[in-house]
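Here the structure comes first, spelled out in structure tokens, and everything after it is commentary.
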Amino acid sequence: MEWTRLRVLELEPGETYGFASGDAEWIVLPLSGACEVRCRDSRAAAPQTPAGLDAPPDGVGAGLAESGPQANPAPPAFEARGFGDGAPAAEPHVFELLGRSGVFGGPTDFAYVPRDAHVEVTARHGGRFALAGARCERRLPARYGPAADVHVELRGAGHCSRQVNNFAAAGPAGFECDRLIAVEVLTPGGNWSSYPPHKHDEHHPGEESRLEEIYWFEIAPHADTPGLGYQRVTPSPAGKTDILAEVRTGDAVLIPDGWHGPSMAAPGHDMYYLNVMAGPGTGGPREWLIRDHPDHGWIRGTWQGQDVDPRLPFPRAGAEDHR
């Protein structure tokens with residue numbers, strides 16, 4: 001993927017993962033568990049990657065891929081540097097993320113870290129964490145995103161109902177990033193999400209944004225039966241991506257172009273997916289503009305008068321813990 005980046009960390013208790021953010025901005029998003037995020041400016045550092053640090057994380061591979069455990073020992077202590085040329089030395093930005101028990105447990109707090117930084121993620125009690133990133137130009141300040149500020153939206157109706165946690169959405173009410181757009185989507189078992197199929201692979205001012213996208217899935221089990229779902233992507237005038245994939249927890253589907261949807265949650269298995277989007281930009285605002293597939297867009301008109309699925313929003317009172 002040219003613009004988007006994703007890495008999912010499985011950290012043991014007390015483990016630290018260190019990386020150089022490189023030319024990308026990143027959000028550290030707890031999937032389960034809490035963590036501490038430390039961030040230092042690296043612009044005055046030597047051009048090579050410091051010993052003990054990963055190079056900037058790559059996006060996952062092409063087509064259907066799996067983001068498995070990615071962790072390394074703690075990097076050495078960083079030399080203190082300020083956040084501006086000639087500025088006095090400064091302590092790192094430190095963010096304590098409370099996290100959550102699991103992705104179906106409600107929105108979480110998160111940390112934004114800029115490009116050209118050294119970052120450490122430490123999980124005192126272990127956990128699973130997503131690093132969602134995008135290649136960018138501007139260097140915005142590191143900062144904390146409270147869970148209470150995440151706008152939760154219920155979209156669709158009936159069997160097309162889903163919940164969107166807009167933690168890094170575009171627009172005036174969203175979280176400011178240079179290129180990155182990221183949201184979480186939760187779909188009750190048996191429902192179709194990302195429907196009608198839509199695309200955002202061409203730039204049409206005011207109508208459509210050019211954004212590539214990564215879907216990363218977690219599917220709730222039923223007792224001892226692992227969950228599963230399906231993802232469809234069909235070719236568009238802008239590209240030839242054509243995917244019909246069975247997806248399970250830890251799988252990712254890469255969408256550089258194409259009509260994407262539906263994301264189908266098997267009955268009895270609630271579906272979660274993390275959407276990571278970014279594109280080249282055209283000098284205009286960072287925005288998410290989509291076009292519905294002309295054969296299926298009519299479905300939106302049937303939602304009027306239908307109720308949203310009563311199983312929403314997550315978390316549900318008395319619901320099974322999907323950790």
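Each chain in the structure tokens gets a letter, A, B and so on, in the order shown; residues start at 1 in every chain, and ligands are counted from 1 in the order they appear.
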Residues near Thr187 (chain A), anyone? I mean within 6 Å using only C-alpha atoms, not counting same-chain ones fewer than 4 positions away, as a list in words. Arg162, Asp270 and Met271 of chain A
Name the residues in contact with Arg291 (chain A) at a cut-off of 12 Å, using only C-alpha atoms, excluding same-chain residues fewer than 6 positions from it; report them as a PDB file with all heavy atoms, in the first residue's frame.
ATOM      1  N   TYR A 195     -22.310  -1.364   3.390  1.00  0.00           N
ATOM      2  CA  TYR A 195     -23.287  -1.597   2.330  1.00  0.00           C
ATOM      3  C   TYR A 195     -24.217  -0.407   2.246  1.00  0.00           C
ATOM      4  O   TYR A 195     -24.625   0.108   3.291  1.00  0.00           O
ATOM      5  CB  TYR A 195     -24.084  -2.885   2.611  1.00  0.00           C
ATOM      6  CG  TYR A 195     -24.812  -3.412   1.410  1.00  0.00           C
ATOM      7  CD1 TYR A 195     -24.123  -4.055   0.394  1.00  0.00           C
ATOM      8  CD2 TYR A 195     -26.178  -3.226   1.263  1.00  0.00           C
ATOM      9  CE1 TYR A 195     -24.780  -4.516  -0.735  1.00  0.00           C
ATOM     10  CE2 TYR A 195     -26.840  -3.693   0.137  1.00  0.00           C
ATOM     11  CZ  TYR A 195     -26.138  -4.331  -0.863  1.00  0.00           C
ATOM     12  OH  TYR A 195     -26.784  -4.782  -1.986  1.00  0.00           O
ATOM     13  N   PRO A 196     -24.564   0.091   1.058  1.00  0.00           N
ATOM     14  CA  PRO A 196     -24.250  -0.460  -0.251  1.00  0.00           C
ATOM     15  C   PRO A 196     -22.762  -0.348  -0.584  1.00  0.00           C
ATOM     16  O   PRO A 196     -22.060   0.479   0.004  1.00  0.00           O
ATOM     17  CB  PRO A 196     -25.095   0.406  -1.200  1.00  0.00           C
ATOM     18  CG  PRO A 196     -25.234   1.713  -0.483  1.00  0.00           C
ATOM     19  CD  PRO A 196     -25.342   1.357   0.959  1.00  0.00           C
ATOM     20  N   PRO A 197     -22.277  -1.167  -1.545  1.00  0.00           N
ATOM     21  CA  PRO A 197     -20.880  -1.035  -1.946  1.00  0.00           C
ATOM     22  C   PRO A 197     -20.587   0.396  -2.383  1.00  0.00           C
ATOM     23  O   PRO A 197     -21.432   1.053  -2.996  1.00  0.00           O
ATOM     24  CB  PRO A 197     -20.761  -2.011  -3.126  1.00  0.00           C
ATOM     25  CG  PRO A 197     -21.890  -2.967  -2.949  1.00  0.00           C
ATOM     26  CD  PRO A 197     -23.002  -2.178  -2.324  1.00  0.00           C
ATOM     27  N   HIS A 198     -19.402   0.855  -2.051  1.00  0.00           N
ATOM     28  CA  HIS A 198     -19.038   2.235  -2.357  1.00  0.00           C
ATOM     29  C   HIS A 198     -17.550   2.277  -2.707  1.00  0.00           C
ATOM     30  O   HIS A 198     -16.823   1.299  -2.501  1.00  0.00           O
ATOM     31  CB  HIS A 198     -19.333   3.133  -1.152  1.00  0.00           C
ATOM     32  CG  HIS A 198     -18.605   2.704   0.091  1.00  0.00           C
ATOM     33  ND1 HIS A 198     -19.050   1.681   0.885  1.00  0.00           N
ATOM     34  CD2 HIS A 198     -17.454   3.141   0.646  1.00  0.00           C
ATOM     35  CE1 HIS A 198     -18.218   1.504   1.891  1.00  0.00           C
ATOM     36  NE2 HIS A 198     -17.226   2.370   1.773  1.00  0.00           N
ATOM     37  N   LYS A 199     -17.123   3.400  -3.216  1.00  0.00           N
ATOM     38  CA  LYS A 199     -15.712   3.540  -3.561  1.00  0.00           C
ATOM     39  C   LYS A 199     -15.230   4.955  -3.276  1.00  0.00           C
ATOM     40  O   LYS A 199     -16.027   5.910  -3.182  1.00  0.00           O
ATOM     41  CB  LYS A 199     -15.465   3.187  -5.029  1.00  0.00           C
ATOM     42  CG  LYS A 199     -15.881   4.249  -6.052  1.00  0.00           C
ATOM     43  CD  LYS A 199     -15.598   3.760  -7.465  1.00  0.00           C
ATOM     44  CE  LYS A 199     -15.803   4.880  -8.512  1.00  0.00           C
ATOM     45  NZ  LYS A 199     -14.662   5.802  -8.547  1.00  0.00           N
ATOM     46  N   HIS A 200     -13.907   5.071  -3.145  1.00  0.00           N
ATOM     47  CA  HIS A 200     -13.243   6.373  -3.008  1.00  0.00           C
ATOM     48  C   HIS A 200     -11.830   6.224  -3.583  1.00  0.00           C
ATOM     49  O   HIS A 200     -10.850   6.321  -2.868  1.00  0.00           O
ATOM     50  CB  HIS A 200     -13.221   6.855  -1.551  1.00  0.00           C
ATOM     51  CG  HIS A 200     -12.959   5.791  -0.528  1.00  0.00           C
ATOM     52  ND1 HIS A 200     -11.748   5.155  -0.394  1.00  0.00           N
ATOM     53  CD2 HIS A 200     -13.776   5.240   0.393  1.00  0.00           C
ATOM     54  CE1 HIS A 200     -11.807   4.287   0.591  1.00  0.00           C
ATOM     55  NE2 HIS A 200     -13.033   4.300   1.073  1.00  0.00           N
ATOM     56  N   ASP A 201     -11.775   5.976  -4.896  1.00  0.00           N
ATOM     57  CA  ASP A 201     -10.481   5.737  -5.539  1.00  0.00           C
ATOM     58  C   ASP A 201     -10.174   6.735  -6.655  1.00  0.00           C
ATOM     59  O   ASP A 201      -9.202   6.570  -7.397  1.00  0.00           O
ATOM     60  CB  ASP A 201     -10.399   4.303  -6.071  1.00  0.00           C
ATOM     61  CG  ASP A 201     -11.555   3.930  -7.000  1.00  0.00           C
ATOM     62  OD1 ASP A 201     -12.284   4.844  -7.439  1.00  0.00           O
ATOM     63  OD2 ASP A 201     -11.732   2.727  -7.282  1.00  0.00           O
ATOM     64  N   GLU A 202     -10.998   7.775  -6.772  1.00  0.00           N
ATOM     65  CA  GLU A 202     -10.758   8.838  -7.748  1.00  0.00           C
ATOM     66  C   GLU A 202     -11.039  10.184  -7.095  1.00  0.00           C
ATOM     67  O   GLU A 202     -11.864  10.269  -6.183  1.00  0.00           O
ATOM     68  CB  GLU A 202     -11.666   8.678  -8.970  1.00  0.00           C
ATOM     69  CG  GLU A 202     -11.432   7.412  -9.759  1.00  0.00           C
ATOM     70  CD  GLU A 202     -12.407   7.290 -10.926  1.00  0.00           C
ATOM     71  OE1 GLU A 202     -13.598   7.050 -10.682  1.00  0.00           O
ATOM     72  OE2 GLU A 202     -11.959   7.450 -12.071  1.00  0.00           O
ATOM     73  N   HIS A 203     -10.362  11.209  -7.587  1.00  0.00           N
ATOM     74  CA  HIS A 203     -10.571  12.549  -7.040  1.00  0.00           C
ATOM     75  C   HIS A 203     -11.572  13.300  -7.898  1.00  0.00           C
ATOM     76  O   HIS A 203     -11.330  13.580  -9.078  1.00  0.00           O
ATOM     77  CB  HIS A 203      -9.249  13.326  -6.985  1.00  0.00           C
ATOM     78  CG  HIS A 203      -9.431  14.752  -6.556  1.00  0.00           C
ATOM     79  ND1 HIS A 203      -9.910  15.091  -5.312  1.00  0.00           N
ATOM     80  CD2 HIS A 203      -9.208  15.924  -7.209  1.00  0.00           C
ATOM     81  CE1 HIS A 203      -9.967  16.407  -5.209  1.00  0.00           C
ATOM     82  NE2 HIS A 203      -9.553  16.931  -6.348  1.00  0.00           N
ATOM     83  N   HIS A 204     -12.743  13.581  -7.309  1.00  0.00           N
ATOM     84  CA  HIS A 204     -13.777  14.405  -7.940  1.00  0.00           C
ATOM     85  C   HIS A 204     -14.193  15.435  -6.897  1.00  0.00           C
ATOM     86  O   HIS A 204     -14.889  15.082  -5.939  1.00  0.00           O
ATOM     87  CB  HIS A 204     -14.977  13.560  -8.380  1.00  0.00           C
ATOM     88  CG  HIS A 204     -14.659  12.558  -9.438  1.00  0.00           C
ATOM     89  ND1 HIS A 204     -14.513  12.911 -10.769  1.00  0.00           N
ATOM     90  CD2 HIS A 204     -14.436  11.222  -9.376  1.00  0.00           C
ATOM     91  CE1 HIS A 204     -14.227  11.830 -11.475  1.00  0.00           C
ATOM     92  NE2 HIS A 204     -14.168  10.793 -10.655  1.00  0.00           N
ATOM     93  N   GLY A 206     -15.640  17.669  -4.255  1.00  0.00           N
ATOM     94  CA  GLY A 206     -16.978  17.746  -3.697  1.00  0.00           C
ATOM     95  C   GLY A 206     -17.802  16.495  -3.818  1.00  0.00           C
ATOM     96  O   GLY A 206     -18.920  16.427  -3.291  1.00  0.00           O
ATOM     97  N   GLU A 207     -17.284  15.456  -4.509  1.00  0.00           N
ATOM     98  CA  GLU A 207     -18.055  14.232  -4.738  1.00  0.00           C
ATOM     99  C   GLU A 207     -17.345  12.968  -4.262  1.00  0.00           C
ATOM    100  O   GLU A 207     -17.992  12.061  -3.741  1.00  0.00           O
ATOM    101  CB  GLU A 207     -18.369  14.085  -6.235  1.00  0.00           C
ATOM    102  CG  GLU A 207     -19.236  15.192  -6.806  1.00  0.00           C
ATOM    103  CD  GLU A 207     -19.508  14.985  -8.284  1.00  0.00           C
ATOM    104  OE1 GLU A 207     -19.087  13.927  -8.827  1.00  0.00           O
ATOM    105  OE2 GLU A 207     -20.127  15.863  -8.907  1.00  0.00           O
ATOM    106  N   GLU A 208     -16.056  12.885  -4.466  1.00  0.00           N
ATOM    107  CA  GLU A 208     -15.335  11.652  -4.145  1.00  0.00           C
ATOM    108  C   GLU A 208     -13.881  11.972  -3.817  1.00  0.00           C
ATOM    109  O   GLU A 208     -13.242  12.780  -4.497  1.00  0.00           O
ATOM    110  CB  GLU A 208     -15.398  10.665  -5.323  1.00  0.00           C
ATOM    111  CG  GLU A 208     -14.724   9.335  -5.054  1.00  0.00           C
ATOM    112  CD  GLU A 208     -14.785   8.391  -6.255  1.00  0.00           C
ATOM    113  OE1 GLU A 208     -15.447   8.746  -7.270  1.00  0.00           O
ATOM    114  OE2 GLU A 208     -14.178   7.295  -6.179  1.00  0.00           O
ATOM    115  N   SER A 209     -13.373  11.344  -2.758  1.00  0.00           N
ATOM    116  CA  SER A 209     -11.972  11.468  -2.368  1.00  0.00           C
ATOM    117  C   SER A 209     -11.184  10.279  -2.906  1.00  0.00           C
ATOM    118  O   SER A 209     -11.729   9.184  -3.063  1.00  0.00           O
ATOM    119  CB  SER A 209     -11.831  11.487  -0.841  1.00  0.00           C
ATOM    120  OG  SER A 209     -12.680  12.430  -0.251  1.00  0.00           O
ATOM    121  N   ARG A 210      -9.899  10.487  -3.145  1.00  0.00           N
ATOM    122  CA  ARG A 210      -9.025   9.379  -3.526  1.00  0.00           C
ATOM    123  C   ARG A 210      -8.332   8.867  -2.266  1.00  0.00           C
ATOM    124  O   ARG A 210      -7.433   9.529  -1.724  1.00  0.00           O
ATOM    125  CB  ARG A 210      -8.001   9.810  -4.569  1.00  0.00           C
ATOM    126  CG  ARG A 210      -7.126   8.663  -5.036  1.00  0.00           C
ATOM    127  CD  ARG A 210      -6.068   9.109  -6.010  1.00  0.00           C
ATOM    128  NE  ARG A 210      -5.022   8.099  -6.139  1.00  0.00           N
ATOM    129  CZ  ARG A 210      -3.824   8.336  -6.642  1.00  0.00           C
ATOM    130  NH1 ARG A 210      -3.512   9.549  -7.064  1.00  0.00           N
ATOM    131  NH2 ARG A 210      -2.934   7.375  -6.725  1.00  0.00           N
ATOM    132  N   SER A 236     -13.510  -1.380 -10.129  1.00  0.00           N
ATOM    133  CA  SER A 236     -14.119  -0.102 -10.492  1.00  0.00           C
ATOM    134  C   SER A 236     -13.387   0.448 -11.708  1.00  0.00           C
ATOM    135  O   SER A 236     -12.378  -0.114 -12.135  1.00  0.00           O
ATOM    136  CB  SER A 236     -13.997   0.889  -9.318  1.00  0.00           C
ATOM    137  OG  SER A 236     -12.653   1.304  -9.175  1.00  0.00           O
ATOM    138  N   GLY A 258     -11.445   0.173  -5.951  1.00  0.00           N
ATOM    139  CA  GLY A 258     -12.570  -0.738  -6.131  1.00  0.00           C
ATOM    140  C   GLY A 258     -13.775  -0.408  -5.270  1.00  0.00           C
ATOM    141  O   GLY A 258     -13.699   0.336  -4.295  1.00  0.00           O
ATOM    142  N   TRP A 259     -14.912  -0.989  -5.680  1.00  0.00           N
ATOM    143  CA  TRP A 259     -16.142  -0.914  -4.902  1.00  0.00           C
ATOM    144  C   TRP A 259     -16.009  -1.896  -3.752  1.00  0.00           C
ATOM    145  O   TRP A 259     -15.802  -3.085  -3.979  1.00  0.00           O
ATOM    146  CB  TRP A 259     -17.346  -1.306  -5.755  1.00  0.00           C
ATOM    147  CG  TRP A 259     -17.537  -0.523  -7.014  1.00  0.00           C
ATOM    148  CD1 TRP A 259     -17.197  -0.901  -8.285  1.00  0.00           C
ATOM    149  CD2 TRP A 259     -18.152   0.766  -7.143  1.00  0.00           C
ATOM    150  NE1 TRP A 259     -17.545   0.067  -9.198  1.00  0.00           N
ATOM    151  CE2 TRP A 259     -18.145   1.113  -8.524  1.00  0.00           C
ATOM    152  CE3 TRP A 259     -18.710   1.668  -6.236  1.00  0.00           C
ATOM    153  CZ2 TRP A 259     -18.660   2.299  -9.009  1.00  0.00           C
ATOM    154  CZ3 TRP A 259     -19.228   2.861  -6.717  1.00  0.00           C
ATOM    155  CH2 TRP A 259     -19.209   3.172  -8.084  1.00  0.00           C
ATOM    156  N   HIS A 260     -16.097  -1.435  -2.499  1.00  0.00           N
ATOM    157  CA  HIS A 260     -15.954  -2.359  -1.386  1.00  0.00           C
ATOM    158  C   HIS A 260     -17.231  -2.431  -0.563  1.00  0.00           C
ATOM    159  O   HIS A 260     -17.891  -1.443  -0.305  1.00  0.00           O
ATOM    160  CB  HIS A 260     -14.738  -2.026  -0.513  1.00  0.00           C
ATOM    161  CG  HIS A 260     -14.518  -0.582  -0.234  1.00  0.00           C
ATOM    162  ND1 HIS A 260     -14.089   0.307  -1.189  1.00  0.00           N
ATOM    163  CD2 HIS A 260     -14.653   0.131   0.913  1.00  0.00           C
ATOM    164  CE1 HIS A 260     -13.968   1.504  -0.652  1.00  0.00           C
ATOM    165  NE2 HIS A 260     -14.314   1.424   0.630  1.00  0.00           N
ATOM    166  N   GLY A 297     -27.047   1.441  -4.756  1.00  0.00           N
ATOM    167  CA  GLY A 297     -27.260   2.609  -3.905  1.00  0.00           C
ATOM    168  C   GLY A 297     -28.709   2.803  -3.482  1.00  0.00           C
ATOM    169  O   GLY A 297     -28.980   3.442  -2.459  1.00  0.00           O
TER     170      GLY A 297
END
Spatial neighbours of His125 (chain A), 8 Å, only C-alpha atoms, chain gap at least 5 places, as a PDB file with N, CA and C atoms, in the first residue's frame:
ATOM      1  N   GLU A  12       3.484  -8.915  25.634  1.00  0.00           N
ATOM      2  CA  GLU A  12       3.446  -9.634  26.898  1.00  0.00           C
ATOM      3  C   GLU A  12       3.525  -8.627  28.050  1.00  0.00           C
ATOM      4  N   PRO A  13       3.130  -9.023  29.271  1.00  0.00           N
ATOM      5  CA  PRO A  13       3.231  -8.097  30.416  1.00  0.00           C
ATOM      6  C   PRO A  13       4.637  -7.536  30.561  1.00  0.00           C
ATOM      7  N   GLY A  14       4.717  -6.214  30.634  1.00  0.00           N
ATOM      8  CA  GLY A  14       5.984  -5.523  30.786  1.00  0.00           C
ATOM      9  C   GLY A  14       6.769  -5.330  29.504  1.00  0.00           C
ATOM     10  N   GLY A  33      -6.519  -4.041  26.569  1.00  0.00           N
ATOM     11  CA  GLY A  33      -5.461  -3.709  27.498  1.00  0.00           C
ATOM     12  C   GLY A  33      -5.122  -2.231  27.497  1.00  0.00           C
ATOM     13  N   ALA A  34      -4.244  -1.870  28.413  1.00  0.00           N
ATOM     14  CA  ALA A  34      -3.781  -0.494  28.588  1.00  0.00           C
ATOM     15  C   ALA A  34      -2.300  -0.419  28.232  1.00  0.00           C
TER      16      ALA A  34
END
Please determine, counting only C-alpha atoms, which residue among A:Trp303, A:Tyr273, A:Trp3, A:Trp298 has the shortest atom-to-atom distance to Val183 (chain A).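 That would be A:Tyr273, the residue with the smallest distance to Val183 (chain A).
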Surrounding residues of Ala169 (chain A) excluding itself and chain neighbours under 2 positions, 6 Å, only C-alpha atoms, as a PyMOL selection string: chain A and resi 166-167+174+181-182
Written selection (N, CA and C atoms) as an mmCIF file, in the first residue's frame:
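So the final result, stored in result-v6.cif, reads:
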data_model
loop_
_atom_site.group_PDB
_atom_site.id
_atom_site.type_symbol
_atom_site.label_atom_id
_atom_site.label_comp_id
_atom_site.auth_asym_id
_atom_site.auth_seq_id
_atom_site.Cartn_x
_atom_site.Cartn_y
_atom_site.Cartn_z
ATOM 1 N N ASN A 166 -15.981 6.978 15.511
ATOM 2 C CA ASN A 166 -15.235 7.919 14.665
ATOM 3 C C ASN A 166 -14.077 8.566 15.440
ATOM 4 N N PHE A 167 -13.100 7.749 15.828
ATOM 5 C CA PHE A 167 -12.028 8.291 16.671
ATOM 6 C C PHE A 167 -11.065 9.176 15.897
ATOM 7 N N GLY A 174 -14.092 15.870 13.596
ATOM 8 C CA GLY A 174 -13.166 14.753 13.701
ATOM 9 C C GLY A 174 -11.892 15.124 14.443
ATOM 10 N N ILE A 181 -7.082 8.933 8.092
ATOM 11 C CA ILE A 181 -8.488 8.837 8.492
ATOM 12 C C ILE A 181 -8.667 7.416 9.020
ATOM 13 N N ALA A 182 -9.218 7.265 10.221
ATOM 14 C CA ALA A 182 -9.371 5.931 10.801
ATOM 15 C C ALA A 182 -10.621 5.887 11.671
#
Nearest to Ala117 (chain A) among A:Asp41, A:Glu137, A:Glu176, A:Glu15, with distances taken over only C-alpha atoms: which residue is it?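 Once distances to Ala117 (chain A) are computed over only C-alpha atoms, the minimum belongs to A:Asp41.
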Who sits within 10 Å of Glu120 (chain A), only C-alpha atoms, same chain under 6 positions skipped, as a ChimeraX atom specification: /A:16-20,35-40,53,74-75,94
Closest atom pairs, region 117-172 of chain A residues within 12 Å of region 261-265 of chain A, only C-alpha atoms, as a Markdown table:
| residue | atom | partner | partner_atom | distance |
| --- | --- | --- | --- | --- |
| A:His159 | CA | A:Met264 | CA | 10.3 |
| A:Cys160 | CA | A:Pro262 | CA | 9.5 |
| A:Ser161 | CA | A:Ala265 | CA | 11.3 |
| A:Arg162 | CA | A:Ala265 | CA | 10.6 |
Residues just named, written with N, CA and C atoms as a CSV table (one decimal), in the first residue's frame:
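Written file, part_28.csv:
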chain,number,residue,atom,x,y,z
A,159,HIS,N,-31.2,-5.0,8.8
A,159,HIS,CA,-30.0,-5.9,8.7
A,159,HIS,C,-28.8,-5.2,8.1
A,160,CYS,N,-28.9,-3.9,7.8
A,160,CYS,CA,-27.7,-3.1,7.4
A,160,CYS,C,-27.3,-2.2,8.5
A,161,SER,N,-27.7,-2.4,9.7
A,161,SER,CA,-27.3,-1.6,10.9
A,161,SER,C,-25.9,-1.9,11.3
A,162,ARG,N,-25.1,-0.8,11.6
A,162,ARG,CA,-23.8,-1.0,12.2
A,162,ARG,C,-23.5,0.2,13.0
Give me the residues near region 216-225 of chain A as a PyMOL selection string, where near means some atom within 10 Å (using only C-alpha atoms) and where sequence neighbours in that chain fewer than 3 positions away do not count. chain A and resi 6-8+31+64-67+102-104+130+184-189+213+228-229+247-254+265-266+268-276+320-323
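We find CA of Pro226 (chain A) and CA of Ser32 (chain A) to be spaced 17.8 Å apart.
When CA of Leu180 (chain A) is paired with CA of Ala278 (chain A), their separation reads 5.2 Å.
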All strand (DSSP E) positions in region 35-277 of chain A, as a PyMOL selection string: chain A and resi 35-41+64-66+93-100+110-113+117-123+127-135+143-145+151-155+162-168+181-187+192-193+198-199+201-204+208-210+212-219+229-234+243-247+251-255+259-265+271-277
Pick from A:Tyr215, A:Tyr230, A:Ser194, A:His118: nearest to His296 (chain A), with only C-alpha atoms counted?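 Selected residue with least distance to His296 (chain A): A:Ser194.
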Which polymer residues have any atom within 8 Å of an atom of region 143-146 of chain A, counting only C-alpha atoms, with same-chain residues fewer than 5 positions away left out, as a count of residues only? 8
Please measure the separation of CA of Leu140 (chain A) and CA of Leu9 (chain A), giving the value in Å to one decimal.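 That distance, rounded to one decimal, is 24.0 Å.
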Nearest to Asp257 (chain A) among A:Asp149, A:Glu287, A:Glu2, A:Asp178, with distances taken over only C-alpha atoms: which residue is it?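 The shortest atom-to-atom distance to Asp257 (chain A) comes from A:Glu2.
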